[in-house]
file target.cif (mmCIF, C-alpha atoms)
data_coords
loop_
_atom_site.label_atom_id
_atom_site.label_comp_id
_atom_site.auth_asym_id
_atom_site.auth_seq_id
_atom_site.Cartn_x
_atom_site.Cartn_y
_atom_site.Cartn_z
CA MET A 1 -23.35 17.56 -9.62
CA ARG A 2 -20.08 15.79 -8.93
CA PRO A 3 -19.37 12.99 -11.46
CA ALA A 4 -18.81 9.55 -9.93
CA LYS A 5 -15.31 9.19 -11.41
CA ASP A 6 -14.36 12.54 -9.90
CA PHE A 7 -14.79 11.01 -6.44
CA PHE A 8 -11.32 9.45 -6.68
CA ARG A 9 -9.54 12.53 -8.01
CA PRO A 10 -7.13 14.22 -5.58
CA LEU A 11 -8.64 17.40 -4.18
CA ALA A 12 -5.35 19.31 -4.46
CA VAL A 13 -2.61 19.37 -7.07
CA GLY A 14 0.19 17.14 -5.86
CA ALA A 15 -1.87 15.28 -3.24
CA PRO A 16 -1.81 11.46 -3.33
CA GLU A 17 -4.63 9.65 -5.07
CA PRO A 18 -7.50 8.56 -2.79
CA ILE A 19 -7.71 4.91 -1.87
CA ARG A 20 -10.43 2.70 -3.33
CA GLU A 21 -10.55 0.01 -0.64
CA VAL A 22 -10.25 0.67 3.09
CA PRO A 23 -7.41 -1.44 4.53
CA PHE A 24 -8.45 -3.81 7.30
CA PRO A 25 -5.42 -4.86 9.35
CA PRO A 26 -6.07 -6.10 12.92
CA SER A 27 -8.24 -3.42 14.53
CA ARG A 28 -9.55 -4.97 17.74
CA MET A 29 -8.78 -1.99 19.93
CA ILE A 30 -8.01 1.69 19.55
CA HIS A 31 -5.83 2.33 22.60
CA PHE A 32 -5.80 5.95 23.73
CA PHE A 33 -2.90 7.70 25.40
CA PRO A 34 -2.74 11.38 26.48
CA ALA A 35 -0.21 12.98 24.16
CA ALA A 36 0.43 15.83 26.61
CA ASN A 37 1.65 13.44 29.33
CA GLU A 38 5.40 12.94 29.08
CA LYS A 39 5.32 9.84 31.31
CA MET A 40 2.71 8.19 29.09
CA ARG A 41 4.62 9.15 25.93
CA SER A 42 7.69 7.38 27.31
CA LYS A 43 5.67 4.16 27.52
CA VAL A 44 4.53 4.25 23.89
CA PRO A 45 7.40 2.11 22.49
CA ALA A 46 6.49 -0.66 24.96
CA ILE A 47 2.73 -0.37 24.47
CA ALA A 48 2.74 -0.16 20.67
CA PRO A 49 3.53 -3.85 19.98
CA THR A 50 0.72 -4.97 22.32
CA VAL A 51 -2.13 -3.15 20.54
CA ASP A 52 -3.59 -3.02 17.05
CA ILE A 53 -4.15 0.75 16.98
CA LEU A 54 -2.46 3.37 19.17
CA LEU A 55 -4.07 6.81 19.31
CA ALA A 56 -2.56 10.07 20.52
CA ASN A 57 -5.41 11.99 22.11
CA LEU A 58 -5.55 15.76 21.69
CA GLU A 59 -9.24 16.32 22.45
CA ASP A 60 -11.51 15.48 25.41
CA GLY A 61 -9.58 14.74 28.56
CA VAL A 62 -6.83 17.23 27.65
CA PRO A 63 -7.17 20.53 29.59
CA ALA A 64 -7.24 23.72 27.53
CA ASP A 65 -3.87 24.84 28.86
CA GLN A 66 -2.30 21.55 27.68
CA LYS A 67 -3.62 21.49 24.10
CA GLU A 68 -0.38 22.78 22.59
CA ALA A 69 1.66 20.36 24.68
CA ALA A 70 -0.51 17.50 23.45
CA ARG A 71 0.03 18.56 19.83
CA ALA A 72 3.80 18.71 20.40
CA GLY A 73 3.62 15.30 22.06
CA LEU A 74 1.88 13.85 19.01
CA VAL A 75 4.64 15.13 16.75
CA GLU A 76 7.37 13.85 19.08
CA VAL A 77 5.91 10.34 19.16
CA ALA A 78 5.34 10.28 15.40
CA GLN A 79 8.93 11.30 14.73
CA THR A 80 10.67 9.04 17.25
CA VAL A 81 8.71 5.78 17.65
CA ASP A 82 8.87 2.76 15.36
CA PHE A 83 5.29 1.48 15.31
CA GLY A 84 6.02 -1.68 13.33
CA GLN A 85 2.69 -3.23 12.32
CA THR A 86 0.69 -1.14 14.79
CA GLN A 87 -1.49 1.58 13.28
CA PHE A 88 -0.86 5.09 14.63
CA TRP A 89 -3.84 7.47 14.85
CA THR A 90 -4.62 10.78 16.48
CA ARG A 91 -7.88 12.33 17.68
CA VAL A 92 -7.84 16.07 17.00
CA ASN A 93 -10.07 18.66 18.62
CA SER A 94 -13.57 19.29 17.26
CA LEU A 95 -13.82 21.39 14.12
CA ASP A 96 -15.51 24.28 15.94
CA SER A 97 -12.71 24.54 18.51
CA PRO A 98 -9.79 27.02 18.43
CA TRP A 99 -7.30 24.12 18.17
CA ALA A 100 -8.57 21.95 15.32
CA LEU A 101 -6.86 23.74 12.43
CA ASP A 102 -3.45 23.70 14.13
CA ASP A 103 -3.96 20.06 15.17
CA ILE A 104 -4.64 18.94 11.60
CA THR A 105 -1.85 21.07 10.17
CA ALA A 106 0.72 19.65 12.59
CA ALA A 107 -0.53 16.10 12.03
CA VAL A 108 0.09 16.33 8.29
CA LEU A 109 3.11 18.61 8.04
CA GLU A 110 5.10 17.38 11.05
CA CYS A 111 4.17 13.72 11.64
CA GLY A 112 5.40 12.41 8.30
CA GLU A 113 4.23 9.02 7.05
CA ALA A 114 3.94 7.59 10.58
CA LEU A 115 0.34 8.72 10.99
CA ASP A 116 -2.34 6.53 9.43
CA VAL A 117 -5.71 7.97 10.50
CA ILE A 118 -7.09 11.23 11.88
CA MET A 119 -10.12 10.85 14.13
CA ILE A 120 -12.59 13.72 13.89
CA PRO A 121 -14.93 14.17 16.88
CA LYS A 122 -18.52 15.38 16.88
CA VAL A 123 -19.10 14.97 13.16
CA GLU A 124 -22.62 16.10 12.36
CA GLY A 125 -22.88 15.84 8.60
CA PRO A 126 -21.00 15.30 5.34
CA GLU A 127 -19.99 18.98 5.25
CA ASP A 128 -17.59 18.33 8.14
CA ILE A 129 -15.90 15.53 6.19
CA HIS A 130 -15.80 17.63 2.99
CA TYR A 131 -13.94 20.37 4.85
CA VAL A 132 -11.40 17.96 6.34
CA ASP A 133 -11.03 16.15 3.01
CA ARG A 134 -10.03 19.28 1.11
CA LEU A 135 -7.80 20.56 3.91
CA LEU A 136 -5.93 17.27 4.16
CA ALA A 137 -5.37 17.18 0.41
CA GLN A 138 -3.86 20.67 0.45
CA LEU A 139 -1.59 19.82 3.37
CA GLU A 140 -0.58 16.47 1.87
CA ALA A 141 0.44 18.23 -1.34
CA LYS A 142 2.45 20.76 0.65
CA SER A 143 4.20 18.08 2.72
CA GLY A 144 4.83 15.67 -0.16
CA ARG A 145 3.01 12.86 1.60
CA THR A 146 2.86 9.76 -0.60
CA ARG A 147 -0.26 8.09 0.79
CA PRO A 148 -3.49 9.73 1.85
CA LEU A 149 -4.40 10.09 5.48
CA LEU A 150 -7.68 8.38 6.29
CA VAL A 151 -10.49 9.88 8.35
CA HIS A 152 -12.40 8.27 11.20
CA ALA A 153 -15.52 10.05 12.48
CA ILE A 154 -17.16 9.83 15.89
CA LEU A 155 -20.95 9.79 16.19
CA GLU A 156 -21.59 11.99 19.22
CA THR A 157 -24.74 13.93 18.35
CA ALA A 158 -28.28 13.09 17.29
CA ARG A 159 -27.71 14.98 14.06
CA GLY A 160 -24.63 12.89 13.35
CA VAL A 161 -26.63 9.70 13.82
CA ALA A 162 -29.41 11.05 11.60
CA ASN A 163 -26.82 11.81 8.88
CA VAL A 164 -24.76 8.65 9.33
CA GLU A 165 -25.25 7.42 5.74
CA GLU A 166 -24.15 10.74 4.24
CA ILE A 167 -21.13 10.88 6.58
CA CYS A 168 -20.00 7.41 5.53
CA ALA A 169 -20.33 8.33 1.84
CA ALA A 170 -18.70 11.76 2.09
CA SER A 171 -15.14 10.89 1.03
CA PRO A 172 -12.89 8.02 -0.09
CA ARG A 173 -10.83 8.90 2.98
CA MET A 174 -13.53 7.58 5.30
CA GLN A 175 -11.98 4.71 7.26
CA GLY A 176 -14.71 4.12 9.80
CA LEU A 177 -16.97 5.37 12.57
CA SER A 178 -16.97 5.09 16.34
CA LEU A 179 -19.88 5.46 18.72
CA GLY A 180 -19.32 8.23 21.29
CA PRO A 181 -21.91 7.30 23.92
CA ALA A 182 -21.22 9.99 26.53
CA ASP A 183 -21.51 13.03 24.27
CA LEU A 184 -24.36 11.40 22.37
CA ALA A 185 -26.25 10.76 25.61
CA ALA A 186 -25.87 14.41 26.60
CA ASN A 187 -26.94 15.64 23.18
CA ARG A 188 -30.01 13.39 23.18
CA ARG A 189 -30.86 14.43 26.75
CA MET A 190 -30.61 10.80 27.85
CA LYS A 191 -30.82 10.58 31.63
CA THR A 192 -27.65 8.63 32.26
CA THR A 193 -24.26 9.78 33.53
CA ARG A 194 -22.50 6.56 32.53
CA VAL A 195 -19.92 6.37 29.72
CA GLY A 196 -21.29 3.49 27.66
CA GLY A 197 -22.79 0.30 28.96
CA GLY A 198 -26.28 -0.40 30.21
CA HIS A 199 -28.37 1.21 32.91
CA PRO A 200 -30.39 -0.55 35.66
CA GLY A 201 -33.36 1.71 34.94
CA TYR A 202 -33.54 0.68 31.29
CA LEU A 203 -35.23 -2.70 31.63
CA VAL A 204 -38.11 -4.99 30.83
CA ARG A 205 -40.11 -6.68 33.57
CA GLU A 206 -41.76 -10.08 33.62
CA ASP A 207 -45.58 -10.05 33.51
CA PRO A 208 -47.28 -10.28 36.92
CA PRO A 209 -48.44 -13.72 38.04
CA VAL A 210 -52.11 -14.55 38.37
CA GLY A 211 -53.37 -15.25 41.88
CA ASP A 212 -55.80 -17.98 42.99
CA ASP A 213 -58.63 -15.51 42.60
CA GLY A 214 -57.77 -15.01 38.93
CA GLU A 215 -56.47 -11.46 39.49
CA THR A 216 -52.96 -10.34 38.55
CA VAL A 217 -50.65 -9.77 41.52
CA ILE A 218 -48.99 -6.47 40.62
CA ASP A 219 -46.85 -6.34 43.77
CA ALA A 220 -45.40 -9.84 43.33
CA THR A 221 -41.66 -10.25 42.89
CA ARG A 222 -40.97 -10.32 39.17
CA ALA A 223 -37.78 -10.88 37.18
CA THR A 224 -36.31 -7.88 35.41
CA HIS A 225 -33.75 -7.78 32.61
CA GLN A 226 -31.48 -4.82 31.98
CA GLN A 227 -31.47 -3.67 28.36
CA ASP A 228 -28.80 -2.20 26.08
CA LEU A 229 -29.19 1.56 25.63
CA TRP A 230 -26.97 1.51 22.55
CA HIS A 231 -28.39 -1.38 20.51
CA TYR A 232 -30.27 0.78 18.00
CA THR A 233 -27.42 3.22 17.42
CA ILE A 234 -24.75 0.55 17.03
CA ALA A 235 -26.89 -1.43 14.61
CA ARG A 236 -27.62 1.66 12.53
CA MET A 237 -23.94 2.62 12.51
CA VAL A 238 -22.88 -0.88 11.45
CA ASP A 239 -25.37 -0.93 8.57
CA ALA A 240 -24.17 2.45 7.31
CA CYS A 241 -20.50 1.46 7.55
CA VAL A 242 -20.94 -1.88 5.81
CA THR A 243 -23.02 -0.27 3.06
CA HIS A 244 -20.16 2.11 2.28
CA GLY A 245 -17.25 -0.28 2.84
CA ILE A 246 -15.85 1.28 6.00
CA LEU A 247 -15.29 -0.06 9.52
CA PRO A 248 -17.55 0.33 12.61
CA PHE A 249 -16.11 0.54 16.14
CA TYR A 250 -17.66 0.69 19.59
CA GLY A 251 -16.32 3.62 21.59
CA PRO A 252 -15.35 3.94 25.26
CA PHE A 253 -16.49 2.00 28.30
CA GLY A 254 -15.92 4.32 31.23
CA ASP A 255 -16.02 2.01 34.26
CA ILE A 256 -12.41 0.83 34.12
CA LYS A 257 -12.71 -1.48 37.13
CA ASP A 258 -15.77 -3.33 35.81
CA THR A 259 -14.02 -5.47 33.23
CA VAL A 260 -16.93 -7.94 33.27
CA ALA A 261 -19.48 -5.37 32.10
CA CYS A 262 -16.90 -3.95 29.69
CA GLU A 263 -16.52 -7.39 28.13
CA ASP A 264 -20.30 -7.70 27.83
CA GLN A 265 -20.62 -4.33 26.08
CA PHE A 266 -17.73 -5.10 23.73
CA ARG A 267 -19.25 -8.50 22.90
CA ASN A 268 -22.61 -6.94 22.10
CA ALA A 269 -20.83 -4.65 19.63
CA TYR A 270 -18.78 -7.53 18.22
CA LEU A 271 -21.84 -9.68 17.62
CA LEU A 272 -23.61 -6.76 15.91
CA GLY A 273 -20.69 -6.31 13.50
CA CYS A 274 -18.18 -3.92 15.07
CA VAL A 275 -14.53 -4.74 14.35
CA GLY A 276 -13.11 -3.23 17.55
CA ALA A 277 -13.60 -0.87 20.49
CA TRP A 278 -11.76 1.88 22.33
CA SER A 279 -9.35 1.00 25.12
CA LEU A 280 -8.93 3.70 27.76
CA HIS A 281 -6.73 1.71 30.17
CA PRO A 282 -4.31 -1.20 29.73
CA VAL A 283 -6.75 -3.60 31.43
CA GLN A 284 -9.17 -3.07 28.54
CA ILE A 285 -6.59 -4.11 25.93
CA ASP A 286 -6.86 -7.78 26.85
CA VAL A 287 -10.66 -7.50 27.06
CA ALA A 288 -10.77 -6.20 23.49
CA LYS A 289 -8.34 -8.85 22.26
CA LYS A 290 -10.46 -11.58 23.80
CA VAL A 291 -13.79 -10.29 22.53
CA PHE A 292 -12.86 -9.21 19.01
CA SER A 293 -10.83 -12.34 18.27
CA PRO A 294 -13.17 -15.18 17.20
CA ASP A 295 -13.57 -17.96 19.75
CA PRO A 296 -11.44 -21.01 18.76
CA ALA A 297 -14.53 -23.24 19.02
CA ASP A 298 -16.39 -20.97 16.60
CA VAL A 299 -13.46 -21.04 14.19
CA ALA A 300 -13.26 -24.84 14.33
CA HIS A 301 -17.01 -25.16 13.70
CA ALA A 302 -16.85 -22.66 10.83
CA GLN A 303 -14.04 -24.63 9.20
CA ARG A 304 -16.07 -27.85 9.49
CA VAL A 305 -19.06 -26.20 7.83
CA ILE A 306 -16.95 -24.78 4.99
CA GLU A 307 -15.34 -28.16 4.38
CA ALA A 308 -18.65 -30.04 4.53
CA MET A 309 -20.41 -27.63 2.18
CA GLY A 310 -17.90 -28.07 -0.63
CA ASP A 311 -18.78 -25.52 -3.31
CA GLY A 312 -20.99 -23.65 -0.86
CA THR A 313 -24.30 -24.44 -2.49
CA GLY A 314 -27.17 -26.62 -1.32
CA ALA A 315 -27.92 -27.59 2.27
CA LEU A 316 -26.97 -30.32 4.73
CA MET A 317 -27.36 -31.36 8.35
CA LEU A 318 -24.27 -31.07 10.56
CA ASP A 319 -24.44 -31.89 14.28
CA GLY A 320 -28.21 -31.69 14.08
CA LYS A 321 -28.24 -28.21 12.54
CA MET A 322 -29.09 -27.17 9.02
CA GLU A 323 -26.27 -25.50 7.12
CA ASP A 324 -26.70 -23.82 3.75
CA ASP A 325 -25.08 -21.18 1.54
CA ALA A 326 -25.94 -18.42 4.04
CA SER A 327 -24.25 -20.44 6.79
CA VAL A 328 -21.11 -20.74 4.70
CA LYS A 329 -20.98 -16.98 4.22
CA GLN A 330 -21.21 -16.49 7.99
CA CYS A 331 -18.48 -19.07 8.52
CA HIS A 332 -16.16 -17.40 6.03
CA VAL A 333 -16.48 -14.13 7.97
CA VAL A 334 -15.28 -15.88 11.13
CA VAL A 335 -12.46 -17.86 9.50
CA GLU A 336 -11.15 -14.94 7.44
CA LEU A 337 -10.99 -12.73 10.53
CA ALA A 338 -9.19 -15.46 12.47
CA LYS A 339 -6.64 -15.88 9.67
CA ARG A 340 -6.05 -12.15 9.41
CA LEU A 341 -5.43 -11.85 13.16
CA SER A 342 -3.21 -14.94 13.13
CA GLU A 343 -0.84 -13.39 10.62
CA ARG A 344 0.34 -11.01 13.33
CA ASP A 345 -0.19 -13.16 16.44
CA PRO A 346 1.52 -16.60 16.38
CA GLU A 347 0.07 -17.48 19.78
CA LEU A 348 -3.45 -16.81 18.53
CA ALA A 349 -2.71 -18.78 15.37
CA ALA A 350 -1.76 -21.76 17.50
CA THR A 351 -5.10 -21.66 19.33
CA TYR A 352 -6.85 -21.77 15.96
CA GLY A 353 -4.63 -24.58 14.68
CA PHE A 354 -3.38 -22.55 11.71
#

call {"tool": "encode", "arguments": {"input": "target.cif", "output": "structure tokens"}}
result
Amino acid sequence: MRPAKDFFRPLAVGAPEPIREVPFPPSRMIHFFPAANEKMRSKVPAIAPTVDILLANLEDGVPADQKEAARAGLVEVAQTVDFGQTQFWTRVNSLDSPWALDDITAAVLECGEALDVIMIPKVEGPEDIHYVDRLLAQLEAKSGRTRPLLVHAILETARGVANVEEICAASPRMQGLSLGPADLAANRRMKTTRVGGGHPGYLVREDPPVGDDGETVIDATRATHQQDLWHYTIARMVDACVTHGILPFYGPFGDIKDTVACEDQFRNAYLLGCVGAWSLHPVQIDVAKKVFSPDPADVAHAQRVIEAMGDGTGALMLDGKMEDDASVKQCHVVVELAKRLSERDPELAATYGF
């Protein structure tokens, strides 16, 4: 049995001490760029100030014959770009691949302090995190890194979802989780070829009307409502993350042109508790900023409730609605997020009146 206090002991001599609280700077979007693509790497200095998190992708989407080039591109960007307040992450290849060990080694030994988080795909259980945890500690000790790299896991298999609590609790390095809907759909044998979002076949239908003869008219035109394929999984992921003090993210939305549906999917995740989503194309950056930044009207209302409630106890009527201590807690979530985002974005702060 591992003693509780031992949880925060470095796993290698000379490695930095594990963190006790996961930092939560602005995290509205994780913007991916292909690290193997020289043209895209040249745009990183211009893109970095416009996003909260910039991620060098080494995994899916990178052909096998470009894996080493992607790894070299990660190192080049880490060593040459000033990221300012933007977080810099990388997604390495899956742990069962021939590239993962070299990816992680290069990320720690060659990227210096520029790298904040390593994203691990296809995590299926705590054993995956335990392996990465120990390996990172050994490499951090070797490199002399002064702060621990954090780990972000992607839920992409049914087993990963089933073990989500244990994954979240596996290490102090755990920064958060993302939903990987495409791989998860394949693993579950879901009959959809879409990357995230809803499906027109996943719906509920209005009950049939009753005719003059008292019989139901089955063939009558009836309203249908498309449902969210990912509601259960996102909600379960959010609960597990919040329980263990780490951050939940929605993953990719594959239909780049359909920014309306992308906004809907992001908003569903935001309302359920996700702090951000993946951005696969520059058009999705503004979608994520809009959705994961509280609406100014909501912030104004939350401030009114907090002010009216005083010490936060009791109950009152405000604009015809009952507000009580639970309402105040909800309002503080909105206002605190707005203030945190405003610290970095003066234009956003002005819309909130801060």

call {"tool": "closest_residue", "arguments": {"input": "target.cif", "among": "A:Leu179, A:Ile118, A:Val132, A:Val335", "to": "Leu155 (chain A)", "atoms": "only C-alpha atoms"}}
result
A:Leu179

call {"tool": "atom_distance", "arguments": {"input": "target.cif", "atom1": "CA of Thr259 (chain A)", "atom2": "CA of Val287 (chain A)"}}
result
7.3 Å

call {"tool": "resolve_selection", "arguments": {"input": "target.cif", "expression": "the PyMOL selection byres ((chain A and resi 59) around 7)", "output": "list in words"}}
result
Asn57, Leu58, Asp60, Gly61, Val62, Arg91, Val92 and Asn93 of chain A

call {"tool": "resolve_selection", "arguments": {"input": "target.cif", "expression": "the PyMOL selection byres ((chain A and resi 172) around 7)", "output": "count of residues only"}}
result
7

call {"tool": "resolve_selection", "arguments": {"input": "target.cif", "expression": "the PyMOL selection byres ((chain A and resi 151) around 7)", "output": "list of chain:residue names"}}
result
A:Val117, A:Ile118, A:Met119, A:Leu149, A:Leu150, A:His152, A:Ala153, A:Arg173, A:Met174, A:Gln175

call {"tool": "atom_distance", "arguments": {"input": "target.cif", "atom1": "CA of Ala277 (chain A)", "atom2": "CA of Arg28 (chain A)"}}
result
6.4 Å
